[in-house]
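For reference, protein_14.cif is printed below; it contains mmCIF, C-alpha atoms.
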```cif
data_run
#
loop_
_atom_site.label_atom_id
_atom_site.label_comp_id
_atom_site.auth_asym_id
_atom_site.auth_seq_id
_atom_site.Cartn_x
_atom_site.Cartn_y
_atom_site.Cartn_z
CA MET A 1 60.08 -117.92 51.86
CA GLY A 2 59.74 -114.30 53.07
CA LEU A 3 60.17 -114.04 56.83
CA LEU A 4 60.40 -117.81 57.34
CA GLY A 5 63.75 -119.54 57.57
CA GLU A 6 64.78 -122.98 56.35
CA GLY A 7 64.06 -125.90 58.64
CA ILE A 8 61.43 -125.79 61.40
CA ASN A 9 60.31 -122.29 62.41
CA GLU A 10 58.85 -122.30 65.92
CA VAL A 11 56.02 -119.76 66.04
CA ILE A 12 52.91 -119.02 68.07
CA ALA A 13 50.05 -119.98 65.75
CA THR A 14 46.79 -118.08 66.14
CA THR A 15 43.43 -119.27 64.90
CA SER A 16 40.03 -117.91 65.92
CA GLY A 17 40.46 -116.90 69.61
CA ASN A 18 43.22 -119.48 70.08
CA ALA A 19 47.02 -119.37 70.36
CA ALA A 20 49.48 -122.28 70.58
CA PRO A 21 53.16 -122.89 69.80
CA ILE A 22 53.67 -124.85 66.58
CA GLY A 23 56.42 -125.64 64.09
CA ILE A 24 56.26 -124.52 60.46
CA ILE A 25 58.34 -126.87 58.35
CA CYS A 26 60.15 -125.26 55.38
CA ARG A 27 62.06 -127.93 53.51
CA ASP A 28 61.24 -126.75 49.99
CA ALA A 29 59.35 -123.75 48.65
CA VAL A 30 56.11 -124.87 50.43
CA PRO A 31 55.64 -124.28 54.16
CA ARG A 32 53.70 -126.98 55.98
CA MET A 33 52.57 -127.79 59.52
CA VAL A 34 51.44 -130.96 61.25
CA LEU A 35 48.23 -130.53 63.29
CA PHE A 36 47.24 -133.22 65.74
CA ARG A 37 43.59 -134.26 65.51
CA GLY A 38 41.48 -132.99 68.37
CA SER A 39 43.56 -129.87 69.09
CA HIS A 40 41.78 -126.50 69.00
CA THR A 41 44.24 -125.36 66.36
CA ALA A 42 43.37 -128.31 64.08
CA GLU A 43 39.60 -127.83 64.55
CA ASN A 44 39.82 -124.11 63.78
CA VAL A 45 42.09 -124.52 60.76
CA LEU A 46 39.85 -127.23 59.24
CA ARG A 47 36.76 -125.04 59.74
CA ASP A 48 38.18 -121.62 58.79
CA GLY A 49 41.03 -122.39 56.35
CA TRP A 50 43.46 -119.81 57.78
CA ILE A 51 46.20 -119.60 60.40
CA VAL A 52 48.54 -116.81 61.48
CA ALA A 53 52.20 -117.39 62.43
CA ASN A 54 53.27 -114.91 65.14
CA PHE A 55 56.95 -114.17 65.81
CA VAL A 56 57.20 -113.73 69.58
CA TYR A 57 60.29 -113.55 71.83
CA ASP A 58 58.62 -113.30 75.24
CA PRO A 59 59.31 -116.64 77.00
CA VAL A 60 56.20 -116.29 79.21
CA VAL A 61 53.93 -116.26 76.14
CA TRP A 62 55.53 -119.49 74.87
CA VAL A 63 54.84 -121.33 78.12
CA ARG A 64 51.37 -119.89 78.64
CA THR A 65 50.09 -120.66 75.13
CA ALA A 66 51.43 -124.22 75.35
CA PHE A 67 49.19 -124.94 78.35
CA GLU A 68 46.24 -122.53 78.35
CA ASP A 69 44.43 -119.81 76.42
CA LEU A 70 45.28 -116.12 76.20
CA PRO A 71 42.66 -113.47 77.07
CA ALA A 72 40.68 -111.87 74.21
CA GLU A 73 42.67 -108.62 74.46
CA ALA A 74 45.86 -110.47 73.44
CA PHE A 75 44.40 -110.83 69.90
CA ARG A 76 43.97 -108.27 67.14
CA THR A 77 41.74 -108.80 64.09
CA GLU A 78 43.24 -108.03 60.68
CA ALA A 79 41.39 -108.03 57.37
CA VAL A 80 43.44 -110.02 54.85
CA ASP A 81 42.06 -110.64 51.35
CA GLY A 82 38.49 -110.17 52.59
CA THR A 83 38.93 -112.63 55.47
CA SER A 84 39.14 -111.60 59.14
CA VAL A 85 42.14 -113.27 60.76
CA GLN A 86 43.53 -112.90 64.27
CA ARG A 87 47.12 -112.25 65.23
CA LEU A 88 48.77 -111.50 68.59
CA VAL A 89 48.86 -107.80 69.54
CA ASP A 90 52.44 -108.20 70.79
CA ALA A 91 53.82 -110.08 67.77
CA GLU A 92 57.02 -108.50 66.43
CA ALA A 93 56.03 -109.81 63.00
CA TRP A 94 53.31 -112.12 61.63
CA ILE A 95 52.31 -114.04 58.53
CA ALA A 96 48.71 -114.87 57.59
CA PHE A 97 48.37 -118.13 55.64
CA ALA A 98 45.61 -119.93 53.82
CA ALA A 99 45.73 -123.50 55.16
CA GLU A 100 44.71 -126.58 53.21
CA VAL A 101 44.88 -130.20 54.35
CA GLU A 102 47.29 -132.05 52.09
CA ARG A 103 46.97 -135.49 53.66
CA SER A 104 45.69 -136.98 56.91
CA THR A 105 46.56 -139.91 59.11
CA GLN A 106 44.66 -141.33 62.10
CA GLU A 107 46.56 -138.95 64.37
CA ALA A 108 47.27 -135.81 62.40
CA HIS A 109 46.74 -133.61 59.37
CA VAL A 110 49.58 -132.32 57.20
CA VAL A 111 48.56 -128.79 56.22
CA ARG A 112 49.96 -126.88 53.27
CA LEU A 113 50.31 -123.12 53.85
CA THR A 114 49.93 -120.37 51.26
CA LEU A 115 51.11 -116.89 52.20
CA LEU A 116 48.35 -114.24 52.23
CA ARG A 117 50.19 -111.38 53.93
CA GLU A 118 53.27 -110.85 56.07
CA ALA A 119 53.99 -107.80 58.22
CA VAL A 120 56.84 -106.64 60.44
CA GLU A 121 55.44 -104.59 63.32
CA ASP A 122 58.29 -104.03 65.75
CA LEU A 123 61.62 -105.58 64.86
CA ARG A 124 64.03 -105.80 67.80
CA LEU A 125 67.47 -107.28 68.39
CA HIS A 126 67.38 -110.48 70.45
CA PRO A 127 70.83 -111.42 71.69
CA VAL A 128 71.39 -115.18 71.71
CA ASN A 129 70.40 -116.42 75.18
CA ARG A 130 70.64 -120.12 76.10
CA GLY A 131 68.04 -119.50 78.81
CA PHE A 132 65.46 -118.35 76.27
CA ALA A 133 66.29 -121.29 73.98
CA SER A 134 65.95 -123.64 76.96
CA ILE A 135 62.44 -122.32 77.70
CA ILE A 136 61.44 -123.29 74.14
CA ASP A 137 62.97 -126.78 74.47
CA ALA A 138 61.63 -127.33 77.99
CA THR A 139 58.13 -126.31 76.83
CA VAL A 140 58.19 -128.78 73.93
CA HIS A 141 59.28 -131.58 76.29
CA ALA A 142 56.80 -130.54 79.00
CA THR A 143 53.75 -130.72 76.71
CA ARG A 144 54.69 -134.36 76.05
CA TYR A 145 55.74 -135.07 79.63
CA VAL A 146 52.36 -134.10 81.09
CA ARG A 147 50.74 -136.74 78.84
CA THR A 148 53.29 -139.53 79.21
CA GLY A 149 55.30 -139.03 82.42
CA ASP A 150 58.35 -140.29 80.47
CA PRO A 151 61.40 -139.98 82.82
CA HIS A 152 63.73 -139.22 79.87
CA LEU A 153 61.65 -136.10 79.13
CA ARG A 154 61.80 -135.17 82.82
CA ARG A 155 65.62 -135.28 82.71
CA LEU A 156 65.67 -133.07 79.61
CA ILE A 157 63.32 -130.58 81.31
CA ASP A 158 65.58 -130.52 84.40
CA HIS A 159 68.66 -129.96 82.20
CA HIS A 160 66.99 -127.00 80.48
CA ALA A 161 65.64 -125.63 83.77
CA SER A 162 69.19 -125.38 85.11
CA LEU A 163 70.26 -123.54 81.94
CA VAL A 164 67.32 -121.13 82.36
CA ARG A 165 68.43 -120.38 85.93
CA LYS A 166 72.05 -119.91 84.83
CA CYS A 167 71.60 -117.96 81.57
CA GLY A 168 68.10 -116.44 81.58
CA GLY A 169 66.84 -113.05 82.69
CA ARG A 170 63.87 -112.39 84.98
CA ARG A 171 61.35 -113.02 82.19
CA GLU A 172 62.84 -116.48 81.55
CA TRP A 173 62.75 -117.22 85.30
CA GLU A 174 59.08 -116.22 85.39
CA ALA A 175 58.39 -118.50 82.42
CA LEU A 176 60.19 -121.38 84.18
CA ASP A 177 58.11 -120.93 87.35
CA LEU A 178 54.95 -121.01 85.24
CA LEU A 179 56.15 -124.14 83.41
CA GLN A 180 56.96 -125.96 86.63
CA GLY A 181 53.49 -125.04 87.95
CA TYR A 182 51.80 -126.60 84.91
CA ILE A 183 53.92 -129.73 85.23
CA ALA A 184 53.11 -130.10 88.95
CA LYS A 185 49.38 -129.74 88.21
CA GLN A 186 49.14 -131.92 85.13
CA ALA A 187 51.84 -134.61 85.18
CA PRO A 188 50.65 -138.22 85.56
CA GLU A 189 51.64 -139.94 88.81
CA MET B 1 71.68 -101.98 79.10
CA GLY B 2 71.13 -100.84 75.50
CA LEU B 3 71.19 -103.77 73.07
CA LEU B 4 72.09 -106.30 75.76
CA GLY B 5 69.44 -108.39 77.47
CA GLU B 6 69.25 -109.58 81.07
CA GLY B 7 71.10 -112.81 81.87
CA ILE B 8 73.94 -114.17 79.77
CA ASN B 9 74.18 -112.74 76.25
CA GLU B 10 76.06 -115.09 73.94
CA VAL B 11 78.04 -113.00 71.46
CA ILE B 12 81.08 -113.31 69.23
CA ALA B 13 83.74 -111.20 70.95
CA THR B 14 86.35 -109.54 68.78
CA THR B 15 89.70 -108.27 69.99
CA SER B 16 92.70 -107.38 67.81
CA GLY B 17 92.51 -109.86 64.88
CA ASN B 18 90.72 -112.43 67.02
CA ALA B 19 87.11 -113.66 67.30
CA ALA B 20 85.63 -116.11 69.81
CA PRO B 21 82.19 -116.86 71.28
CA ILE B 22 81.79 -115.55 74.81
CA GLY B 23 79.03 -114.79 77.31
CA ILE B 24 78.36 -111.27 78.59
CA ILE B 25 76.75 -111.48 82.01
CA CYS B 26 74.15 -108.79 82.78
CA ARG B 27 72.82 -109.30 86.29
CA ASP B 28 72.77 -105.67 87.36
CA ALA B 29 73.53 -102.43 85.51
CA VAL B 30 77.17 -103.53 84.87
CA PRO B 31 77.98 -106.02 82.09
CA ARG B 32 80.85 -108.40 82.83
CA MET B 33 82.66 -111.29 81.22
CA VAL B 34 84.87 -114.08 82.50
CA LEU B 35 88.07 -114.55 80.48
CA PHE B 36 90.14 -117.66 80.99
CA ARG B 37 93.85 -117.01 81.42
CA GLY B 38 95.92 -117.97 78.42
CA SER B 39 93.18 -117.43 75.83
CA HIS B 40 93.90 -115.01 72.98
CA THR B 41 90.86 -113.00 74.03
CA ALA B 42 92.19 -112.56 77.58
CA GLU B 43 95.70 -111.62 76.39
CA ASN B 44 94.34 -109.03 73.94
CA VAL B 45 91.87 -107.52 76.41
CA LEU B 46 94.52 -107.16 79.12
CA ARG B 47 96.91 -105.51 76.67
CA ASP B 48 94.46 -103.28 74.74
CA GLY B 49 91.64 -102.56 77.20
CA TRP B 50 88.80 -102.98 74.67
CA ILE B 51 86.52 -105.69 73.33
CA VAL B 52 83.66 -105.68 70.82
CA ALA B 53 80.50 -107.77 71.22
CA ASN B 54 79.18 -108.85 67.80
CA PHE B 55 75.58 -110.01 67.33
CA VAL B 56 75.75 -112.80 64.76
CA TYR B 57 73.09 -115.34 63.72
CA ASP B 58 75.09 -117.43 61.24
CA PRO B 59 75.63 -120.84 62.91
CA VAL B 60 78.78 -121.52 60.87
CA VAL B 61 80.50 -118.44 62.35
CA TRP B 62 79.71 -119.65 65.88
CA VAL B 63 81.33 -123.04 65.29
CA ARG B 64 84.29 -121.68 63.35
CA THR B 65 85.23 -118.97 65.88
CA ALA B 66 85.00 -121.47 68.75
CA PHE B 67 87.74 -123.59 67.19
CA GLU B 68 89.86 -121.44 64.89
CA ASP B 69 90.54 -117.93 63.62
CA LEU B 70 88.68 -115.99 60.98
CA PRO B 71 90.53 -114.47 58.01
CA ALA B 72 91.56 -110.79 58.19
CA GLU B 73 88.79 -109.75 55.76
CA ALA B 74 86.14 -110.85 58.28
CA PHE B 75 87.12 -107.86 60.48
CA ARG B 76 86.42 -104.16 60.05
CA THR B 77 88.23 -101.44 61.98
CA GLU B 78 86.11 -98.75 63.63
CA ALA B 79 87.39 -95.62 65.36
CA VAL B 80 85.65 -95.31 68.72
CA ASP B 81 86.62 -92.50 71.12
CA GLY B 82 90.06 -92.20 69.49
CA THR B 83 90.75 -95.95 69.75
CA SER B 84 90.78 -98.32 66.78
CA VAL B 85 88.64 -101.37 67.56
CA GLN B 86 87.73 -104.32 65.35
CA ARG B 87 84.28 -105.73 64.76
CA LEU B 88 82.99 -108.42 62.40
CA VAL B 89 81.99 -107.17 58.93
CA ASP B 90 78.88 -109.39 59.02
CA ALA B 91 77.66 -108.42 62.51
CA GLU B 92 73.99 -107.40 62.52
CA ALA B 93 74.82 -105.14 65.48
CA TRP B 94 77.85 -104.57 67.71
CA ILE B 95 78.90 -102.90 70.93
CA ALA B 96 82.41 -101.59 71.64
CA PHE B 97 83.37 -101.76 75.33
CA ALA B 98 86.22 -100.53 77.44
CA ALA B 99 87.31 -103.56 79.48
CA GLU B 100 88.87 -103.42 82.93
CA VAL B 101 89.90 -106.38 85.10
CA GLU B 102 87.79 -106.28 88.27
CA ARG B 103 89.29 -109.32 89.97
CA SER B 104 91.39 -112.32 89.03
CA THR B 105 91.72 -115.92 90.13
CA GLN B 106 94.34 -118.50 89.20
CA GLU B 107 92.20 -119.53 86.24
CA ALA B 108 90.36 -116.46 85.04
CA HIS B 109 89.81 -112.72 85.06
CA VAL B 110 86.44 -111.10 85.73
CA VAL B 111 86.27 -108.11 83.41
CA ARG B 112 83.97 -105.13 83.85
CA LEU B 113 82.67 -103.63 80.60
CA THR B 114 81.88 -99.97 79.94
CA LEU B 115 79.93 -99.15 76.79
CA LEU B 116 81.78 -96.95 74.31
CA ARG B 117 79.48 -97.22 71.31
CA GLU B 118 76.72 -99.48 70.02
CA ALA B 119 75.49 -99.71 66.45
CA VAL B 120 72.77 -101.63 64.62
CA GLU B 121 73.95 -102.37 61.09
CA ASP B 122 71.44 -104.77 59.59
CA LEU B 123 68.59 -105.87 61.82
CA ARG B 124 66.78 -108.98 60.57
CA LEU B 125 64.02 -111.22 61.88
CA HIS B 126 65.30 -114.58 63.14
CA PRO B 127 62.46 -117.03 63.62
CA VAL B 128 62.99 -119.27 66.66
CA ASN B 129 64.77 -122.41 65.41
CA ARG B 130 65.72 -125.23 67.80
CA GLY B 131 68.40 -126.30 65.31
CA PHE B 132 70.16 -122.93 65.57
CA ALA B 133 69.88 -122.99 69.38
CA SER B 134 71.29 -126.52 69.39
CA ILE B 135 74.35 -125.39 67.41
CA ILE B 136 75.06 -122.84 70.16
CA ASP B 137 74.65 -125.44 72.92
CA ALA B 138 76.58 -128.14 71.06
CA THR B 139 79.43 -125.68 70.44
CA VAL B 140 79.66 -124.77 74.15
CA HIS B 141 79.75 -128.46 75.08
CA ALA B 142 82.20 -129.32 72.28
CA THR B 143 84.82 -126.77 73.36
CA ARG B 144 84.86 -128.50 76.77
CA TYR B 145 84.58 -132.01 75.34
CA VAL B 146 87.73 -131.68 73.20
CA ARG B 147 89.66 -130.87 76.40
CA THR B 148 88.09 -133.44 78.76
CA GLY B 149 86.50 -136.25 76.72
CA ASP B 150 83.68 -136.26 79.31
CA PRO B 151 81.05 -138.81 78.10
CA HIS B 152 78.20 -136.71 79.59
CA LEU B 153 79.18 -133.83 77.27
CA ARG B 154 79.32 -136.29 74.36
CA ARG B 155 75.70 -137.34 75.07
CA LEU B 156 74.59 -133.68 75.18
CA ILE B 157 76.36 -133.01 71.87
CA ASP B 158 74.64 -136.04 70.29
CA HIS B 159 71.25 -134.87 71.63
CA HIS B 160 71.74 -131.42 70.08
CA ALA B 161 73.12 -132.88 66.83
CA SER B 162 69.88 -134.81 66.36
CA LEU B 163 67.89 -131.59 66.95
CA VAL B 164 70.06 -129.77 64.39
CA ARG B 165 69.30 -132.49 61.81
CA LYS B 166 65.58 -132.39 62.61
CA CYS B 167 64.99 -128.64 62.96
CA GLY B 168 67.88 -126.82 61.26
CA GLY B 169 68.29 -125.48 57.75
CA ARG B 170 71.24 -126.09 55.43
CA ARG B 171 73.40 -123.52 57.23
CA GLU B 172 72.89 -125.34 60.56
CA TRP B 173 73.72 -128.66 58.88
CA GLU B 174 76.93 -127.14 57.50
CA ALA B 175 77.80 -125.88 60.99
CA LEU B 176 77.16 -129.34 62.46
CA ASP B 177 79.46 -131.01 59.90
CA LEU B 178 82.17 -128.50 60.77
CA LEU B 179 81.66 -129.11 64.53
CA GLN B 180 81.87 -132.87 64.13
CA GLY B 181 85.08 -132.43 62.13
CA TYR B 182 86.69 -130.41 64.94
CA ILE B 183 85.60 -132.98 67.51
CA ALA B 184 87.01 -135.88 65.47
CA LYS B 185 90.36 -134.03 65.08
CA GLN B 186 90.74 -132.74 68.63
CA ALA B 187 88.93 -135.03 71.08
CA PRO B 188 91.13 -136.98 73.52
CA GLU B 189 91.11 -140.77 73.09
#
```
In structure tokens, how does this file's structure come out?
Amino acid sequence: MGLLGEGINEVIATTSGNAAPIGIICRDAVPRMVLFRGSHTAENVLRDGWIVANFVYDPVVWVRTAFEDLPAEAFRTEAVDGTSVQRLVDAEAWIAFAAEVERSTQEAHVVRLTLLREAVEDLRLHPVNRGFASIIDATVHATRYVRTGDPHLRRLIDHHASLVRKCGGRREWEALDLLQGYIAKQAPE
Amino acid sequence: MGLLGEGINEVIATTSGNAAPIGIICRDAVPRMVLFRGSHTAENVLRDGWIVANFVYDPVVWVRTAFEDLPAEAFRTEAVDGTSVQRLVDAEAWIAFAAEVERSTQEAHVVRLTLLREAVEDLRLHPVNRGFASIIDATVHATRYVRTGDPHLRRLIDHHASLVRKCGGRREWEALDLLQGYIAKQAPE
């Protein structure tokens, strides 16, 4: 499995000019992801047949890519097996995959990933921080909350927001401000 | 701040023959920790004046050290500035601190930490995994739950247990089984 761990690896997936948080599921030797129909990531993967998993530990990038695009200068083009792929400049490590739809439902595609190349650029120690972890959880809940307005999700977001304030550093606080801005703008009444 | 990050760094603290999860608070240039009176960690720190922060990413070690002791072979002695300190053999990195009580209340001591030495032994990439993060959160809640039986903590533990099952790998599942065993043995009626 190379750099991937067992279970669901949360990464920032890049496709052509696009970045979004996504989970890579490793339950046996084959990594897979579930792409919802209509997302930019799904459109790009179906057209181009590749995706890059970026390992990123900056909480602001997690929140930003969940809700909007990154500027062009955030991406770097890499030639992998004769194909140009794009990864994040600031990724500490990345894996380029060939992506093939294994099966599809009305809502989503299950995509099978085949490793093309993996690279470690800038490995750093990340002490366990419950504030960072809470940014990841709050972001997952917030992307659903802005579509549904589900009050249970709102309570989970508030729980994680208080952990971010208690345990996070300035970068987590900045990410939380950004997240709360997106929620205020996009949440249904 | 060296290897430490801003906010609360969750580490496994080792003192003489003892290991327990603890938070190191970095809100300005001075790292601090809060030690509850009566804990082995507090007794050892007050007697010996040192503590080692171990950076560990094995979920089983987090759960085990929260509830019981590790065997002697889990520790390695290091000579730091003429003092023998103990760190975990399997730590990916560690920091030895001189520890000095800054102020005390009836319940706890606030301890000021001064870096003696830090070392990176075996730096590895840890993909973000919500199952791993949920083991950390569930463990924090469980150590309180076994003392109080607070139903709100029980709901948080159950929430994180379901995330561990969904997102974790086998090592997180093993840690969850262990955690649920401790809760079943120790929780008040």
Could you list, as an NGL selection string, every residue matched by the PyMOL selection byres ((chain B) within 10 of (chain A)) in this structure?
:B and (3-11 or 23-27 or 54-57 or 92-93 or 120 or 122-134 or 136-137 or 156 or 159 or 164-172)
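Between atom CA of B:Ala119 and atom CA of B:Ala74 lies a distance of 17.4 Å.
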Onto chain A, please fit chain B by least squares using all C-alpha atoms in order, then return the transformed chain as a short mmCIF file (atom, residue, chain, number, x, y, z; two decimals) with C-alpha atoms, keeping the file's coordinate frame.
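Everything below was put into result_30.cif:
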```cif
data_model
loop_
_atom_site.label_atom_id
_atom_site.label_comp_id
_atom_site.auth_asym_id
_atom_site.auth_seq_id
_atom_site.Cartn_x
_atom_site.Cartn_y
_atom_site.Cartn_z
CA MET B 1 60.06 -117.93 51.88
CA GLY B 2 59.74 -114.32 53.06
CA LEU B 3 60.16 -114.03 56.83
CA LEU B 4 60.41 -117.79 57.34
CA GLY B 5 63.75 -119.54 57.58
CA GLU B 6 64.78 -122.97 56.33
CA GLY B 7 64.05 -125.89 58.66
CA ILE B 8 61.44 -125.78 61.40
CA ASN B 9 60.31 -122.30 62.42
CA GLU B 10 58.86 -122.29 65.92
CA VAL B 11 56.03 -119.75 66.05
CA ILE B 12 52.92 -119.02 68.07
CA ALA B 13 50.05 -119.97 65.76
CA THR B 14 46.79 -118.08 66.13
CA THR B 15 43.43 -119.28 64.88
CA SER B 16 40.02 -117.92 65.92
CA GLY B 17 40.48 -116.92 69.60
CA ASN B 18 43.21 -119.51 70.08
CA ALA B 19 47.02 -119.39 70.37
CA ALA B 20 49.47 -122.29 70.58
CA PRO B 21 53.16 -122.89 69.79
CA ILE B 22 53.67 -124.84 66.59
CA GLY B 23 56.43 -125.62 64.09
CA ILE B 24 56.26 -124.51 60.46
CA ILE B 25 58.34 -126.86 58.34
CA CYS B 26 60.16 -125.26 55.39
CA ARG B 27 62.06 -127.93 53.50
CA ASP B 28 61.24 -126.77 49.99
CA ALA B 29 59.34 -123.75 48.66
CA VAL B 30 56.11 -124.87 50.43
CA PRO B 31 55.64 -124.28 54.17
CA ARG B 32 53.70 -126.97 56.01
CA MET B 33 52.56 -127.80 59.51
CA VAL B 34 51.43 -130.96 61.26
CA LEU B 35 48.24 -130.53 63.30
CA PHE B 36 47.23 -133.22 65.74
CA ARG B 37 43.58 -134.24 65.50
CA GLY B 38 41.46 -132.99 68.35
CA SER B 39 43.54 -129.88 69.09
CA HIS B 40 41.77 -126.51 69.00
CA THR B 41 44.24 -125.38 66.35
CA ALA B 42 43.36 -128.31 64.06
CA GLU B 43 39.59 -127.84 64.54
CA ASN B 44 39.80 -124.11 63.78
CA VAL B 45 42.07 -124.53 60.75
CA LEU B 46 39.85 -127.22 59.22
CA ARG B 47 36.76 -125.05 59.74
CA ASP B 48 38.18 -121.62 58.79
CA GLY B 49 41.01 -122.37 56.34
CA TRP B 50 43.46 -119.81 57.78
CA ILE B 51 46.20 -119.60 60.39
CA VAL B 52 48.55 -116.81 61.48
CA ALA B 53 52.19 -117.39 62.43
CA ASN B 54 53.26 -114.91 65.14
CA PHE B 55 56.94 -114.17 65.82
CA VAL B 56 57.19 -113.72 69.58
CA TYR B 57 60.28 -113.55 71.82
CA ASP B 58 58.62 -113.30 75.24
CA PRO B 59 59.31 -116.64 77.00
CA VAL B 60 56.22 -116.29 79.21
CA VAL B 61 53.93 -116.25 76.15
CA TRP B 62 55.53 -119.48 74.87
CA VAL B 63 54.86 -121.33 78.13
CA ARG B 64 51.39 -119.89 78.64
CA THR B 65 50.10 -120.66 75.13
CA ALA B 66 51.43 -124.22 75.34
CA PHE B 67 49.20 -124.93 78.34
CA GLU B 68 46.26 -122.53 78.33
CA ASP B 69 44.44 -119.80 76.43
CA LEU B 70 45.28 -116.13 76.21
CA PRO B 71 42.68 -113.48 77.06
CA ALA B 72 40.69 -111.89 74.21
CA GLU B 73 42.68 -108.63 74.45
CA ALA B 74 45.86 -110.47 73.42
CA PHE B 75 44.40 -110.84 69.89
CA ARG B 76 43.96 -108.28 67.13
CA THR B 77 41.76 -108.81 64.10
CA GLU B 78 43.25 -108.04 60.68
CA ALA B 79 41.40 -108.05 57.37
CA VAL B 80 43.44 -110.03 54.86
CA ASP B 81 42.07 -110.65 51.35
CA GLY B 82 38.49 -110.17 52.58
CA THR B 83 38.93 -112.63 55.48
CA SER B 84 39.14 -111.60 59.13
CA VAL B 85 42.14 -113.28 60.75
CA GLN B 86 43.52 -112.91 64.27
CA ARG B 87 47.11 -112.24 65.24
CA LEU B 88 48.75 -111.50 68.59
CA VAL B 89 48.86 -107.80 69.54
CA ASP B 90 52.44 -108.21 70.79
CA ALA B 91 53.83 -110.09 67.76
CA GLU B 92 57.02 -108.50 66.42
CA ALA B 93 56.02 -109.83 62.99
CA TRP B 94 53.30 -112.12 61.63
CA ILE B 95 52.30 -114.04 58.54
CA ALA B 96 48.70 -114.86 57.59
CA PHE B 97 48.36 -118.13 55.64
CA ALA B 98 45.61 -119.92 53.82
CA ALA B 99 45.72 -123.50 55.14
CA GLU B 100 44.70 -126.58 53.18
CA VAL B 101 44.86 -130.20 54.36
CA GLU B 102 47.29 -132.05 52.08
CA ARG B 103 46.97 -135.47 53.67
CA SER B 104 45.68 -136.97 56.89
CA THR B 105 46.54 -139.90 59.12
CA GLN B 106 44.65 -141.32 62.08
CA GLU B 107 46.55 -138.95 64.36
CA ALA B 108 47.26 -135.81 62.40
CA HIS B 109 46.73 -133.62 59.36
CA VAL B 110 49.57 -132.31 57.20
CA VAL B 111 48.55 -128.79 56.21
CA ARG B 112 49.96 -126.86 53.27
CA LEU B 113 50.31 -123.11 53.86
CA THR B 114 49.93 -120.36 51.26
CA LEU B 115 51.10 -116.88 52.22
CA LEU B 116 48.37 -114.25 52.24
CA ARG B 117 50.20 -111.38 53.92
CA GLU B 118 53.27 -110.83 56.08
CA ALA B 119 54.00 -107.80 58.23
CA VAL B 120 56.86 -106.65 60.44
CA GLU B 121 55.44 -104.61 63.31
CA ASP B 122 58.28 -104.03 65.74
CA LEU B 123 61.62 -105.59 64.86
CA ARG B 124 64.03 -105.80 67.80
CA LEU B 125 67.47 -107.29 68.38
CA HIS B 126 67.38 -110.48 70.46
CA PRO B 127 70.83 -111.41 71.69
CA VAL B 128 71.39 -115.18 71.71
CA ASN B 129 70.41 -116.42 75.18
CA ARG B 130 70.65 -120.11 76.11
CA GLY B 131 68.05 -119.49 78.83
CA PHE B 132 65.47 -118.34 76.27
CA ALA B 133 66.29 -121.30 73.99
CA SER B 134 65.95 -123.64 76.97
CA ILE B 135 62.45 -122.32 77.70
CA ILE B 136 61.45 -123.29 74.15
CA ASP B 137 62.96 -126.77 74.48
CA ALA B 138 61.63 -127.33 78.00
CA THR B 139 58.14 -126.29 76.84
CA VAL B 140 58.20 -128.78 73.94
CA HIS B 141 59.28 -131.56 76.30
CA ALA B 142 56.80 -130.52 79.00
CA THR B 143 53.75 -130.71 76.72
CA ARG B 144 54.69 -134.35 76.05
CA TYR B 145 55.74 -135.07 79.63
CA VAL B 146 52.35 -134.09 81.10
CA ARG B 147 50.75 -136.71 78.82
CA THR B 148 53.30 -139.54 79.21
CA GLY B 149 55.31 -139.03 82.41
CA ASP B 150 58.35 -140.28 80.46
CA PRO B 151 61.40 -139.98 82.82
CA HIS B 152 63.72 -139.20 79.86
CA LEU B 153 61.65 -136.07 79.13
CA ARG B 154 61.79 -135.17 82.83
CA ARG B 155 65.62 -135.29 82.71
CA LEU B 156 65.66 -133.05 79.61
CA ILE B 157 63.32 -130.58 81.32
CA ASP B 158 65.58 -130.51 84.40
CA HIS B 159 68.66 -129.97 82.19
CA HIS B 160 67.00 -127.00 80.48
CA ALA B 161 65.64 -125.63 83.77
CA SER B 162 69.19 -125.40 85.11
CA LEU B 163 70.26 -123.54 81.93
CA VAL B 164 67.32 -121.14 82.35
CA ARG B 165 68.44 -120.39 85.93
CA LYS B 166 72.05 -119.91 84.83
CA CYS B 167 71.61 -117.97 81.59
CA GLY B 168 68.11 -116.44 81.59
CA GLY B 169 66.84 -113.06 82.70
CA ARG B 170 63.88 -112.40 84.99
CA ARG B 171 61.37 -113.01 82.20
CA GLU B 172 62.84 -116.49 81.56
CA TRP B 173 62.75 -117.22 85.30
CA GLU B 174 59.08 -116.20 85.39
CA ALA B 175 58.39 -118.50 82.43
CA LEU B 176 60.19 -121.38 84.18
CA ASP B 177 58.11 -120.93 87.36
CA LEU B 178 54.95 -121.00 85.26
CA LEU B 179 56.15 -124.15 83.41
CA GLN B 180 56.95 -125.96 86.64
CA GLY B 181 53.49 -125.04 87.95
CA TYR B 182 51.80 -126.60 84.91
CA ILE B 183 53.92 -129.73 85.23
CA ALA B 184 53.11 -130.11 88.94
CA LYS B 185 49.36 -129.73 88.20
CA GLN B 186 49.14 -131.92 85.11
CA ALA B 187 51.85 -134.60 85.18
CA PRO B 188 50.66 -138.21 85.57
CA GLU B 189 51.69 -139.94 88.81
#
```
Quick one: residues within 10 Å of A:Trp62, all atoms listed in the file counted, chain neighbours fewer than 4 positions away excluded, as a PyMOL selection string?
chain A and resi 10-12+19-21+56-58+66-67+135-136+139-140+175+179
Fewer than 4 positions away in the same chain doesn't count, so skip those; otherwise give me all residues within 8 Å of B:Asn18, counting only C-alpha atoms, as a compact mmCIF listing (two decimals) with C-alpha atoms, keeping the file's coordinate frame.
```txt
# COMPACT_ATOMS: atom_id res chain seq x y z
CA THR B 14 86.35 -109.54 68.78
CA HIS B 40 93.90 -115.01 72.98
CA THR B 41 90.86 -113.00 74.03
CA ASP B 69 90.54 -117.93 63.62
CA LEU B 70 88.68 -115.99 60.98
```
